[in-house]
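File shown: coords.cif (mmCIF, C-alpha atoms and all ligand atoms).
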data_start
#
loop_
_atom_site.label_atom_id
_atom_site.label_comp_id
_atom_site.auth_asym_id
_atom_site.auth_seq_id
_atom_site.Cartn_x
_atom_site.Cartn_y
_atom_site.Cartn_z
CA MET D 231 135.33 118.03 127.20
CA PRO D 232 132.01 117.69 125.36
CA THR D 233 129.09 116.27 127.39
CA ASN D 234 128.98 112.51 127.07
CA ARG D 235 125.89 110.64 125.84
CA HIS D 236 125.55 107.06 127.00
CA ILE D 237 123.94 104.63 124.58
CA VAL D 238 122.72 101.17 125.59
CA LEU D 239 122.99 98.73 122.68
CA LEU D 240 120.60 95.77 122.65
CA PRO D 241 121.82 93.65 119.72
CA GLY D 242 119.37 90.80 120.43
CA ASP D 243 119.01 87.90 118.00
CA GLY D 244 119.60 86.83 114.41
CA ILE D 245 120.78 89.75 112.28
CA GLY D 246 120.30 92.09 115.27
CA PRO D 247 123.96 91.98 116.38
CA GLU D 248 125.14 92.32 112.76
CA VAL D 249 123.17 95.50 112.03
CA VAL D 250 123.79 97.08 115.44
CA ALA D 251 127.56 96.68 114.97
CA GLU D 252 127.33 98.70 111.75
CA ALA D 253 125.19 101.42 113.32
CA ARG D 254 127.78 101.67 116.08
CA LYS D 255 130.51 102.18 113.45
CA VAL D 256 128.52 105.06 112.03
CA LEU D 257 127.88 106.57 115.47
CA GLU D 258 131.59 106.36 116.22
CA ALA D 259 132.31 108.16 112.95
CA VAL D 260 129.83 110.87 113.97
CA ALA D 261 131.48 111.30 117.39
CA ALA D 262 134.96 111.50 115.88
CA THR D 263 134.13 113.95 113.12
CA PHE D 264 131.79 116.26 115.07
CA ASP D 265 133.87 116.22 118.26
CA ARG D 266 131.10 114.61 120.27
CA SER D 267 131.46 112.15 123.11
CA LEU D 268 129.50 108.88 122.98
CA SER D 269 129.85 105.83 125.20
CA PHE D 270 128.35 102.41 124.58
CA GLU D 271 127.23 99.52 126.73
CA GLU D 272 125.84 96.21 125.44
CA GLN D 273 123.03 94.37 127.21
CA LEU D 274 121.07 91.20 126.57
CA ILE D 275 117.52 90.94 125.26
CA GLY D 276 115.39 88.34 123.50
CA HIS D 277 116.53 84.79 122.88
CA ALA D 278 120.14 85.76 123.64
CA ALA D 279 118.96 86.83 127.12
CA ILE D 280 116.83 83.71 127.62
CA ALA D 281 119.78 81.51 126.71
CA ALA D 282 122.04 83.31 129.19
CA THR D 283 119.65 84.05 132.07
CA GLY D 284 116.25 82.43 131.42
CA ASP D 285 114.63 85.88 131.11
CA PRO D 286 114.09 87.78 127.79
CA LEU D 287 114.46 91.10 129.67
CA PRO D 288 116.87 90.61 132.57
CA GLU D 289 116.78 93.16 135.38
CA ALA D 290 120.32 94.31 134.48
CA THR D 291 119.14 95.19 130.97
CA LEU D 292 116.15 97.15 132.19
CA GLU D 293 118.26 98.99 134.77
CA ALA D 294 120.85 99.92 132.14
CA CYS D 295 118.09 101.16 129.82
CA ARG D 296 116.60 103.36 132.53
CA ARG D 297 120.00 104.97 133.11
CA ALA D 298 120.78 105.42 129.40
CA ASP D 299 120.54 108.62 127.35
CA ALA D 300 119.17 106.49 124.50
CA ILE D 301 118.76 102.85 123.48
CA LEU D 302 119.52 101.20 120.13
CA LEU D 303 117.99 97.78 119.53
CA GLY D 304 118.66 95.27 116.74
CA ALA D 305 115.93 92.62 116.74
CA VAL D 306 114.53 89.80 118.85
CA GLY D 307 113.19 86.42 117.77
CA HIS D 308 114.44 82.90 117.15
CA PRO D 309 113.09 80.00 115.06
CA ARG D 310 113.14 77.65 118.06
CA TYR D 311 109.95 79.28 119.39
CA GLU D 312 108.10 78.83 116.12
CA ALA D 313 108.49 75.10 116.38
CA ASP D 314 106.88 75.13 119.82
CA PRO D 315 104.05 77.66 120.28
CA THR D 316 103.45 76.54 123.87
CA LEU D 317 106.85 77.68 125.20
CA PRO D 318 105.81 80.20 127.87
CA VAL D 319 108.98 82.32 127.81
CA ARG D 320 109.56 83.97 124.41
CA PRO D 321 112.05 86.51 123.00
CA GLU D 322 109.36 88.97 121.86
CA GLN D 323 108.15 89.35 125.46
CA GLY D 324 111.45 91.07 126.25
CA LEU D 325 110.81 93.83 123.73
CA LEU D 326 107.14 94.24 124.69
CA ARG D 327 108.02 94.48 128.38
CA LEU D 328 110.77 96.99 127.64
CA ARG D 329 108.39 99.24 125.66
CA LYS D 330 105.83 99.06 128.47
CA ALA D 331 108.33 99.54 131.30
CA LEU D 332 109.78 102.66 129.65
CA ALA D 333 106.28 103.95 128.75
CA LEU D 334 107.19 104.27 125.07
CA PHE D 335 103.67 104.76 123.80
CA ALA D 336 104.50 106.36 120.45
CA ASN D 337 106.37 104.53 117.73
CA LEU D 338 107.36 106.80 114.84
CA ARG D 339 108.05 105.00 111.59
CA PRO D 340 109.09 107.35 108.77
CA VAL D 341 108.57 105.79 105.36
CA ARG D 342 110.74 107.78 102.97
CA LEU D 343 111.84 106.59 99.57
CA PHE D 344 115.41 107.52 98.64
CA ASP D 345 115.32 108.62 94.99
CA GLU D 346 118.23 106.29 94.26
CA LEU D 347 116.01 103.31 95.15
CA LEU D 348 113.16 104.10 92.79
CA ASP D 349 113.89 100.89 90.92
CA ALA D 350 114.59 98.69 93.95
CA SER D 351 110.94 98.20 94.90
CA THR D 352 108.72 95.57 93.33
CA LEU D 353 106.21 98.41 92.86
CA LYS D 354 106.11 100.72 89.84
CA PRO D 355 108.39 103.79 90.05
CA GLU D 356 105.62 106.18 89.02
CA VAL D 357 103.49 104.95 91.93
CA ILE D 358 106.11 105.18 94.66
CA ARG D 359 108.05 108.28 93.56
CA GLY D 360 108.00 110.94 96.29
CA THR D 361 106.69 108.62 99.02
CA ASP D 362 107.16 110.35 102.39
CA ILE D 363 104.87 109.13 105.16
CA LEU D 364 105.24 109.44 108.91
CA PHE D 365 103.46 106.67 110.81
CA PHE D 366 102.51 107.07 114.47
CA ARG D 367 101.91 103.57 115.78
CA GLU D 368 100.46 103.34 119.29
CA LEU D 369 102.89 101.02 121.09
CA THR D 370 101.87 100.19 124.65
CA GLY D 371 98.15 99.45 124.32
CA GLY D 372 95.62 97.66 122.17
CA ILE D 373 95.46 93.93 121.64
CA TYR D 374 99.17 93.51 122.43
CA PHE D 375 98.58 94.21 126.11
CA GLY D 376 94.85 93.79 126.79
CA GLU D 377 93.62 91.43 129.52
CA PRO D 378 92.33 88.77 129.77
CA ARG D 379 94.45 86.73 127.46
CA GLY D 380 95.54 83.11 127.20
CA ARG D 381 94.06 79.64 126.85
CA ASP D 382 91.18 78.10 128.75
CA GLU D 383 91.87 75.16 131.01
CA ALA D 384 90.76 72.53 128.51
CA ASP D 385 93.04 74.10 125.92
CA THR D 386 90.16 74.32 123.46
CA ARG D 387 90.08 78.10 123.13
CA ALA D 388 92.44 81.05 123.26
CA ARG D 389 91.76 84.74 123.57
CA ASP D 390 93.37 88.16 123.33
CA THR D 391 91.66 91.36 124.34
CA MET D 392 91.72 94.63 122.42
CA THR D 393 91.30 97.67 124.66
CA TYR D 394 91.93 101.39 124.30
CA SER D 395 91.26 104.19 126.75
CA ARG D 396 90.49 107.72 125.61
CA GLU D 397 93.71 108.96 127.16
CA GLU D 398 95.79 106.37 125.29
CA VAL D 399 94.27 107.57 122.02
CA ARG D 400 94.49 111.26 122.91
CA ARG D 401 98.21 111.31 123.61
CA ILE D 402 99.25 109.59 120.38
CA ALA D 403 96.74 111.61 118.32
CA ARG D 404 98.13 114.87 119.72
CA MET D 405 101.63 113.84 118.68
CA ALA D 406 100.43 113.05 115.18
CA PHE D 407 98.65 116.40 114.80
CA GLU D 408 101.66 118.30 116.13
CA ALA D 409 103.86 116.60 113.55
CA ALA D 410 101.33 117.21 110.79
CA GLY D 411 101.47 120.96 111.55
CA ARG D 412 105.16 120.87 110.63
CA ARG D 413 104.49 118.80 107.48
CA ARG D 414 101.71 118.75 104.88
CA ARG D 415 98.88 119.25 107.41
CA VAL D 416 97.04 116.03 106.65
CA VAL D 417 96.39 113.23 109.14
CA HIS D 418 94.94 109.86 108.22
CA SER D 419 93.62 107.95 111.21
CA ILE D 420 93.32 104.25 110.46
CA ASP D 421 90.81 102.05 112.29
CA LYS D 422 88.15 99.39 111.89
CA ALA D 423 85.27 101.47 113.27
CA ASN D 424 82.70 99.65 111.13
CA VAL D 425 83.26 96.56 113.31
CA LEU D 426 85.27 97.25 116.46
CA GLU D 427 84.11 99.11 119.57
CA THR D 428 87.72 100.13 120.36
CA SER D 429 87.93 101.70 116.90
CA ARG D 430 84.74 103.70 117.44
CA LEU D 431 86.21 105.14 120.63
CA TRP D 432 89.47 105.70 118.76
CA ARG D 433 87.70 107.62 115.99
CA GLU D 434 85.62 109.74 118.36
CA THR D 435 88.69 110.65 120.42
CA VAL D 436 90.81 111.53 117.37
CA GLU D 437 87.98 113.85 116.25
CA GLU D 438 88.05 115.59 119.62
CA VAL D 439 91.80 116.09 119.42
CA ALA D 440 91.49 117.34 115.83
CA ARG D 441 89.36 120.30 116.97
CA ALA D 442 92.44 121.86 118.53
CA TYR D 443 94.20 121.70 115.13
CA PRO D 444 91.80 123.44 112.72
CA ASP D 445 94.53 123.91 110.09
CA VAL D 446 95.19 120.16 109.83
CA ALA D 447 92.84 118.07 107.68
CA LEU D 448 91.71 114.77 109.23
CA HIS D 449 90.67 111.74 107.20
CA HIS D 450 89.45 108.49 108.68
CA MET D 451 90.12 105.29 106.80
CA TYR D 452 89.29 101.65 107.48
CA VAL D 453 92.37 99.49 107.82
CA ASP D 454 91.46 97.12 104.99
CA ASN D 455 91.07 100.04 102.60
CA ALA D 456 94.25 101.65 103.94
CA ALA D 457 96.22 98.48 103.16
CA MET D 458 95.09 98.81 99.56
CA GLN D 459 95.46 102.62 99.28
CA LEU D 460 99.05 102.43 100.52
CA ILE D 461 100.18 100.60 97.43
CA ARG D 462 97.62 102.17 95.06
CA ASN D 463 98.60 105.78 95.79
CA PRO D 464 101.05 106.24 98.66
CA ARG D 465 101.47 109.98 98.04
CA GLN D 466 97.98 110.68 99.40
CA PHE D 467 99.38 109.97 102.90
CA ASP D 468 101.50 112.30 104.98
CA VAL D 469 100.96 111.63 108.71
CA VAL D 470 99.21 108.38 109.63
CA VAL D 471 98.08 107.53 113.16
CA THR D 472 96.88 104.08 114.14
CA GLY D 473 96.75 101.45 116.85
CA ASN D 474 99.37 98.91 117.83
CA LEU D 475 98.35 95.93 115.66
CA PHE D 476 97.29 97.86 112.56
CA GLY D 477 100.47 99.94 112.76
CA ASP D 478 102.62 96.83 112.96
CA ILE D 479 101.10 95.34 109.83
CA LEU D 480 100.77 98.50 107.72
CA THR D 481 104.37 99.58 108.27
CA ASP D 482 105.82 96.28 107.04
CA GLU D 483 103.68 96.79 103.97
CA ALA D 484 104.77 100.42 103.66
CA ALA D 485 108.42 99.34 103.91
CA GLN D 486 108.12 97.81 100.48
CA LEU D 487 107.41 101.31 99.11
CA THR D 488 111.00 102.17 100.07
CA GLY D 489 112.49 99.14 98.35
CA SER D 490 113.08 96.87 101.34
CA LEU D 491 112.11 96.20 104.92
CA GLY D 492 115.83 96.70 105.51
CA MET D 493 115.38 100.46 104.93
CA LEU D 494 112.76 101.29 107.58
CA PRO D 495 113.88 102.89 110.88
CA SER D 496 111.82 103.67 113.94
CA ALA D 497 111.85 105.79 117.08
CA SER D 498 109.84 104.92 120.17
CA THR D 499 109.15 107.89 122.40
CA GLY D 500 106.72 109.22 124.96
CA ALA D 501 108.80 109.19 128.10
CA LYS D 502 112.30 110.03 129.26
CA VAL D 503 114.50 107.59 127.34
CA GLY D 504 113.98 106.95 123.63
CA LEU D 505 114.33 103.51 122.02
CA TYR D 506 115.48 103.30 118.41
CA GLU D 507 115.14 100.16 116.33
CA PRO D 508 114.69 99.01 112.74
CA VAL D 509 111.17 97.92 111.83
CA HIS D 510 112.38 94.53 110.63
CA GLY D 511 112.95 91.43 112.74
CA SER D 512 115.80 89.00 113.36
CA ALA D 513 115.61 87.56 109.80
CA PRO D 514 116.76 84.05 110.72
CA ASP D 515 116.78 83.14 107.01
CA ILE D 516 119.84 85.37 106.40
CA ALA D 517 121.38 85.63 109.88
CA GLY D 518 125.12 85.00 110.00
CA THR D 519 125.61 85.37 106.23
CA ASP D 520 126.62 89.07 106.07
CA ARG D 521 123.60 89.74 103.85
CA ALA D 522 121.52 91.92 106.17
CA ASN D 523 120.91 95.52 105.17
CA PRO D 524 122.14 97.69 108.07
CA LEU D 525 120.60 100.92 106.73
CA ALA D 526 117.36 100.68 108.76
CA THR D 527 119.42 100.49 111.96
CA ILE D 528 121.80 103.24 110.80
CA LEU D 529 118.80 105.46 110.01
CA SER D 530 117.36 104.60 113.45
CA ALA D 531 120.63 105.84 114.94
CA ALA D 532 120.15 109.09 112.97
CA LEU D 533 116.69 109.46 114.55
CA MET D 534 118.36 108.99 117.93
CA LEU D 535 120.88 111.76 117.28
CA GLU D 536 118.10 114.14 116.36
CA GLN D 537 115.35 113.22 118.78
CA SER D 538 117.21 112.18 121.93
CA PHE D 539 120.28 114.43 121.65
CA GLY D 540 119.00 117.31 119.51
CA TRP D 541 122.01 116.87 117.19
CA THR D 542 120.31 117.92 113.95
CA GLU D 543 123.45 118.46 111.90
CA GLU D 544 124.87 115.09 112.90
CA ALA D 545 121.59 113.34 112.09
CA GLU D 546 121.49 115.03 108.69
CA ALA D 547 125.07 113.93 108.03
CA VAL D 548 124.11 110.30 108.64
CA VAL D 549 121.10 110.51 106.31
CA ALA D 550 123.25 112.27 103.70
CA ALA D 551 125.89 109.54 104.05
CA VAL D 552 123.24 106.88 103.38
CA SER D 553 122.13 108.86 100.29
CA GLN D 554 125.76 109.08 99.17
CA PHE D 555 126.25 105.33 99.63
CA LEU D 556 123.20 104.69 97.44
CA ALA D 557 124.12 107.37 94.89
CA ASP D 558 127.54 105.74 94.56
CA GLY D 559 125.67 102.65 93.43
CA TRP D 560 126.28 100.40 96.46
CA ARG D 561 123.51 97.91 97.19
CA THR D 562 123.01 95.25 99.84
CA PRO D 563 121.49 92.07 98.30
CA ASP D 564 117.92 93.03 99.30
CA LEU D 565 118.25 96.28 97.30
CA ALA D 566 119.98 94.85 94.26
CA SER D 567 118.16 94.49 90.95
CA GLU D 568 119.04 92.60 87.78
CA ASP D 569 120.87 95.71 86.58
CA THR D 570 123.09 96.03 89.66
CA PRO D 571 126.70 95.22 88.70
CA SER D 572 127.90 92.37 90.92
CA GLY D 573 130.87 94.50 92.03
CA LYS D 574 128.43 96.93 93.59
CA ILE D 575 126.66 94.38 95.80
CA VAL D 576 128.07 94.60 99.31
CA GLY D 577 127.60 92.74 102.57
CA THR D 578 126.48 94.10 105.93
CA ARG D 579 129.95 94.98 107.19
CA ARG D 580 131.17 96.68 104.03
CA ALA D 581 127.95 98.67 103.82
CA GLY D 582 128.43 99.95 107.39
CA THR D 583 132.05 100.87 106.71
CA LEU D 584 131.14 102.73 103.51
CA VAL D 585 128.43 104.75 105.27
CA ALA D 586 130.78 105.55 108.18
CA ASP D 587 133.44 106.69 105.66
CA ALA D 588 130.83 108.84 103.92
CA VAL D 589 130.02 110.55 107.25
CA ARG D 590 133.70 111.43 107.71
CA GLN D 591 134.05 112.70 104.15
CA MET D 592 130.89 114.72 104.35
CA VAL D 593 132.21 116.64 107.30
CA MET D 594 135.66 117.09 105.76
CA GLY D 595 134.03 118.45 102.62
CA HIS D 596 131.90 120.73 104.75
CA ALA D 597 134.73 122.18 106.87
P1 LIG I 601 111.74 89.65 109.56
O1 LIG I 601 111.53 91.11 109.52
O2 LIG I 601 112.80 89.16 110.46
O3 LIG I 601 112.06 89.13 108.06
C1 LIG I 601 111.11 89.21 107.00
C2 LIG I 601 111.85 89.09 105.66
O4 LIG I 601 112.59 90.29 105.41
C3 LIG I 601 112.87 87.95 105.64
O5 LIG I 601 112.92 87.38 104.36
C4 LIG I 601 114.19 88.66 105.93
O6 LIG I 601 115.32 88.03 105.40
C5 LIG I 601 113.97 90.03 105.30
N1 LIG I 601 114.70 91.06 106.02
C6 LIG I 601 114.37 91.57 107.25
N2 LIG I 601 115.28 92.49 107.62
C7 LIG I 601 116.20 92.55 106.65
C8 LIG I 601 117.40 93.31 106.46
N3 LIG I 601 117.83 94.20 107.38
N4 LIG I 601 118.12 93.11 105.33
C9 LIG I 601 117.70 92.24 104.39
N5 LIG I 601 116.59 91.49 104.51
C10 LIG I 601 115.84 91.65 105.62
O7 LIG I 601 110.32 89.01 109.92
P2 LIG I 601 109.91 87.48 110.21
O8 LIG I 601 110.73 86.58 109.37
O9 LIG I 601 108.47 87.46 110.12
O10 LIG I 601 110.31 87.27 111.73
C11 LIG I 601 111.52 86.69 112.17
C12 LIG I 601 111.66 86.85 113.67
O11 LIG I 601 111.84 88.24 113.99
C13 LIG I 601 110.45 86.41 114.47
O12 LIG I 601 110.91 85.74 115.61
C14 LIG I 601 109.74 87.68 114.85
O13 LIG I 601 109.01 87.61 116.03
C15 LIG I 601 110.91 88.62 115.00
N6 LIG I 601 110.61 90.05 114.79
C16 LIG I 601 111.23 90.91 115.62
C17 LIG I 601 111.07 92.28 115.43
C18 LIG I 601 111.77 93.21 116.36
O14 LIG I 601 112.67 92.81 117.07
N7 LIG I 601 111.43 94.48 116.39
C19 LIG I 601 110.31 92.74 114.36
C20 LIG I 601 109.70 91.82 113.51
C21 LIG I 601 109.87 90.47 113.73
C1 LIG I 602 107.87 95.13 115.53
C2 LIG I 602 107.79 93.66 115.83
C3 LIG I 602 107.27 93.45 117.24
C4 LIG I 602 105.84 93.99 117.29
C5 LIG I 602 107.32 92.01 117.79
C6 LIG I 602 108.66 91.39 117.63
C7 LIG I 602 106.91 91.99 119.22
O1 LIG I 602 107.03 93.00 114.88
O2 LIG I 602 108.57 95.85 116.28
O3 LIG I 602 107.29 95.59 114.55
O4 LIG I 602 104.90 93.31 116.87
O5 LIG I 602 105.68 95.11 117.75
MN MN I 603 106.52 94.25 113.16
#
Any chance you could put this one into structure tokens?
Amino acid sequence: MPTNRHIVLLPGDGIGPEVVAEARKVLEAVAATFDRSLSFEEQLIGHAAIAATGDPLPEATLEACRRADAILLGAVGHPRYEADPTLPVRPEQGLLRLRKALALFANLRPVRLFDELLDASTLKPEVIRGTDILFFRELTGGIYFGEPRGRDEADTRARDTMTYSREEVRRIARMAFEAAGRRRRVVHSIDKANVLETSRLWRETVEEVARAYPDVALHHMYVDNAAMQLIRNPRQFDVVVTGNLFGDILTDEAAQLTGSLGMLPSASTGAKVGLYEPVHGSAPDIAGTDRANPLATILSAALMLEQSFGWTEEAEAVVAAVSQFLADGWRTPDLASEDTPSGKIVGTRRAGTLVADAVRQMVMGHA
């Protein structure tokens, strides 16, 4: 019997359950065709968990995650909380607490344009062709977690605190430089060192780390400029390292280089158990309509196979199956253009089935 890998699924809210179901289909196809053993367990997070238990990260969920070999998350977030900003218990807290509790300080967000989607983006093909960027977003520090935070007693003022320690910067910078050594040997570190004290410490610390990697070129860039450079000339970037807030914003922007936010996967690492999730959110505007693109979650599952299980061939098969799906002309609505024949536009479920079928065929063709 092959060694079993136990995956905790956290479908969450909105389109989360829809895209996670499709990634599971693909993982099951991988297990069947590569003779691997996978087991799955679903747990609550986000609004779904609040509705059932009052807590966006119930103890049972956290316990299951600690025991897991890897975690696959859909999305958290619900419109109800937008209507009332004073609600103290919120879905997003579940995800933030999970990242912190599992010490997942590094969030890898690969931004790779599939050639088949050159025309899917709103940006010009000649600008985005060949885009291949690996973002390292710091995930357990910065303004997301700094204290003090909250409102004053009179409710006239609110504050958040941005903090970074040298060690927090060092560990993510090292990861970025290591990765750059295996890629094009260029790191862009993004900050706001012309204004922020945390960014000046960030910059100084990244410079220190860089000394141990003399064959990797380091460029510093201010975040406002980086936002512009990303869409002006994305090919200048290879590895990008940045803090929690800047990384959140820049990667949604970068997603558009790949055609859709529905294409961008992520891997959160740094400790024992890895957490894999699409970059997008719960998309309440399309939830329940079978219009969500499941590819970001499927590609997140591929990252899981490679990074948590070391199953390189299986991970490559999933990526190749996604390429095949696109090369065959299939498009979810977010990827469709005026030229897409209506018969080629597929919903979430059909897209997942087609990719799972492509995994099986790939292996049959290979054998
Ligand atoms: P969003 O990412 O959910 O959606 C932004 C836009 O992109 C929407 O128009 C949506 O329809 C579209 N989109 C997103 N994913 C898609 C997919 N897979 N296929 C097709 N279209 C897709 O961001 P938002 O609307 O700003 O936030 C909605 C909720 O999601 C909020 O509650 C927010 O806090 C939460 N959120 C959660 C995560 C997460 O769980 N990691 C990430 C971002 C936002
Ligand atoms: C993301 C999301 C989260 C973040 C929210 C939902 C807490 O936007 O994963 O990118 O800001 O980190
Ligand atoms: Mn985000």
Tell me, counting all atoms listed in the file, for each residue of chain D within 9 Å of ligand LIG 602 (chain I), which pair of atoms is nearest and how far apart they are in Å to one decimal, in rows ordered by chain and increasing number, as a tab-separated table.
residue	atom	partner	partner_atom	distance
D:Ala305	CA	I:LIG602	C6	7.4
D:Val306	CA	I:LIG602	C6	6.2
D:Gly307	CA	I:LIG602	C6	6.7
D:Pro321	CA	I:LIG602	C6	8.0
D:Glu322	CA	I:LIG602	C7	4.7
D:Gln323	CA	I:LIG602	C7	6.9
D:Gly324	CA	I:LIG602	C7	8.4
D:Leu325	CA	I:LIG602	C7	6.2
D:Leu326	CA	I:LIG602	C7	5.9
D:Leu369	CA	I:LIG602	O5	7.3
D:Tyr374	CA	I:LIG602	O4	8.0
D:Asn474	CA	I:LIG602	O5	7.4
D:Leu475	CA	I:LIG602	O4	7.2
D:Gly477	CA	I:LIG602	O3	8.3
D:Asp478	CA	I:LIG602	O3	5.1
D:Ile479	CA	I:LIG602	O3	7.8
D:Thr481	CA	I:LIG602	O3	8.0
D:Asp482	CA	I:LIG602	O3	7.7
D:Ser496	CA	I:LIG602	O2	8.8
D:Glu507	CA	I:LIG602	O2	7.9
D:Pro508	CA	I:LIG602	O2	7.7
D:Val509	CA	I:LIG602	O3	5.3
D:His510	CA	I:LIG602	O3	6.5
D:Gly511	CA	I:LIG602	C2	6.4
D:Ser512	CA	I:LIG602	C6	8.7
**Message:** Using all atoms listed in the file, which residues have at least one atom no more than 9 Å from ligand LIG 601 (chain I)? Output them as a ChimeraX atom specification.
**Reply:** /D:242-246,249,276,303-312,321-322,325,478,482,490-494,507-517,521-527,562-565,578
**Distance in Å - CA of Leu431 in chain D versus CA of Ala336 in chain D** = 18.3 Å
**Who sits within 7 Å of range 343-350 of chain D, only C-alpha atoms, same chain under 5 positions skipped, as a list of chain:residue names** =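 Residues near the query, excluding close chain neighbours: D:Pro355, D:Arg359, D:Gly360, D:Thr361, D:Asp362, D:Leu487, D:Thr488, D:Gly489, D:Leu556, D:Ala557, D:Leu565, D:Ala566, D:Ser567.
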**Prompt:** D:Lys574, D:Arg430, D:Lys422, D:Arg367: which is nearest ligand MN 603 (chain I), counting only C-alpha atoms and all ligand atoms?
**Reply:**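 Once distances to ligand MN 603 (chain I) are computed over only C-alpha atoms and all ligand atoms, the minimum belongs to D:Arg367.
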**Asked** With distances taken over all atoms listed in the file, which of D:Ala388, D:Thr428, D:Gly372, D:Gly500 is nearest to Arg404 in chain D?
**Response**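 Closest candidate: D:Gly500.
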**Asked** Using all atoms listed in the file, which of D:Ala410, D:Ala290, D:Leu302, D:Ala423 sits nearest Val469 in chain D?
**Response**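 For Val469 in chain D, the nearest of the candidates is D:Ala410.
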**Message:** What does the structure give for the distance between CA of Arg329 in chain D and CA of Val399 in chain D, in Å to one decimal?
**Reply:** 16.8 Å
**Prompt:** What separation in Å, quoted to one decimal, exists between CA of Asn337 in chain D and CA of Val250 in chain D?
**Reply:**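 CA of Val250 in chain D lies at a distance of 19.1 Å from CA of Asn337 in chain D.
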Rebuild range 397-409 of chain D to N, CA, C and O atoms - output it as a short mmCIF file (atom, residue, chain, number, x, y, z; two decimals), keeping the file's coordinate frame, please.
data_model
loop_
_atom_site.label_atom_id
_atom_site.label_comp_id
_atom_site.auth_asym_id
_atom_site.auth_seq_id
_atom_site.Cartn_x
_atom_site.Cartn_y
_atom_site.Cartn_z
N GLU D 397 92.43 108.29 126.94
CA GLU D 397 93.71 108.96 127.16
C GLU D 397 94.82 108.34 126.31
O GLU D 397 95.68 109.04 125.78
N GLU D 398 94.79 107.02 126.14
CA GLU D 398 95.79 106.37 125.29
C GLU D 398 95.69 106.87 123.85
O GLU D 398 96.69 107.02 123.15
N VAL D 399 94.46 107.10 123.39
CA VAL D 399 94.27 107.57 122.02
C VAL D 399 94.66 109.05 121.92
O VAL D 399 95.37 109.46 120.99
N ARG D 400 94.23 109.82 122.91
CA ARG D 400 94.49 111.26 122.91
C ARG D 400 95.97 111.59 122.77
O ARG D 400 96.38 112.41 121.96
N ARG D 401 96.79 110.92 123.57
CA ARG D 401 98.21 111.31 123.61
C ARG D 401 98.93 111.00 122.31
O ARG D 401 99.76 111.77 121.85
N ILE D 402 98.59 109.89 121.66
CA ILE D 402 99.25 109.59 120.38
C ILE D 402 98.67 110.48 119.27
O ILE D 402 99.39 110.94 118.38
N ALA D 403 97.36 110.76 119.34
CA ALA D 403 96.74 111.61 118.32
C ALA D 403 97.34 113.01 118.37
O ALA D 403 97.67 113.60 117.34
N ARG D 404 97.53 113.53 119.59
CA ARG D 404 98.13 114.87 119.72
C ARG D 404 99.50 114.91 119.06
O ARG D 404 99.83 115.85 118.34
N MET D 405 100.30 113.88 119.30
CA MET D 405 101.63 113.84 118.68
C MET D 405 101.55 113.87 117.17
O MET D 405 102.32 114.55 116.50
N ALA D 406 100.59 113.12 116.64
CA ALA D 406 100.43 113.05 115.18
C ALA D 406 100.03 114.42 114.62
O ALA D 406 100.57 114.87 113.61
N PHE D 407 99.10 115.09 115.30
CA PHE D 407 98.65 116.40 114.80
C PHE D 407 99.77 117.45 114.91
O PHE D 407 99.92 118.29 114.03
N GLU D 408 100.53 117.38 116.00
CA GLU D 408 101.66 118.30 116.13
C GLU D 408 102.62 118.13 114.96
O GLU D 408 103.07 119.10 114.35
N ALA D 409 102.93 116.88 114.66
CA ALA D 409 103.86 116.60 113.55
C ALA D 409 103.28 117.05 112.22
O ALA D 409 103.98 117.61 111.38
#
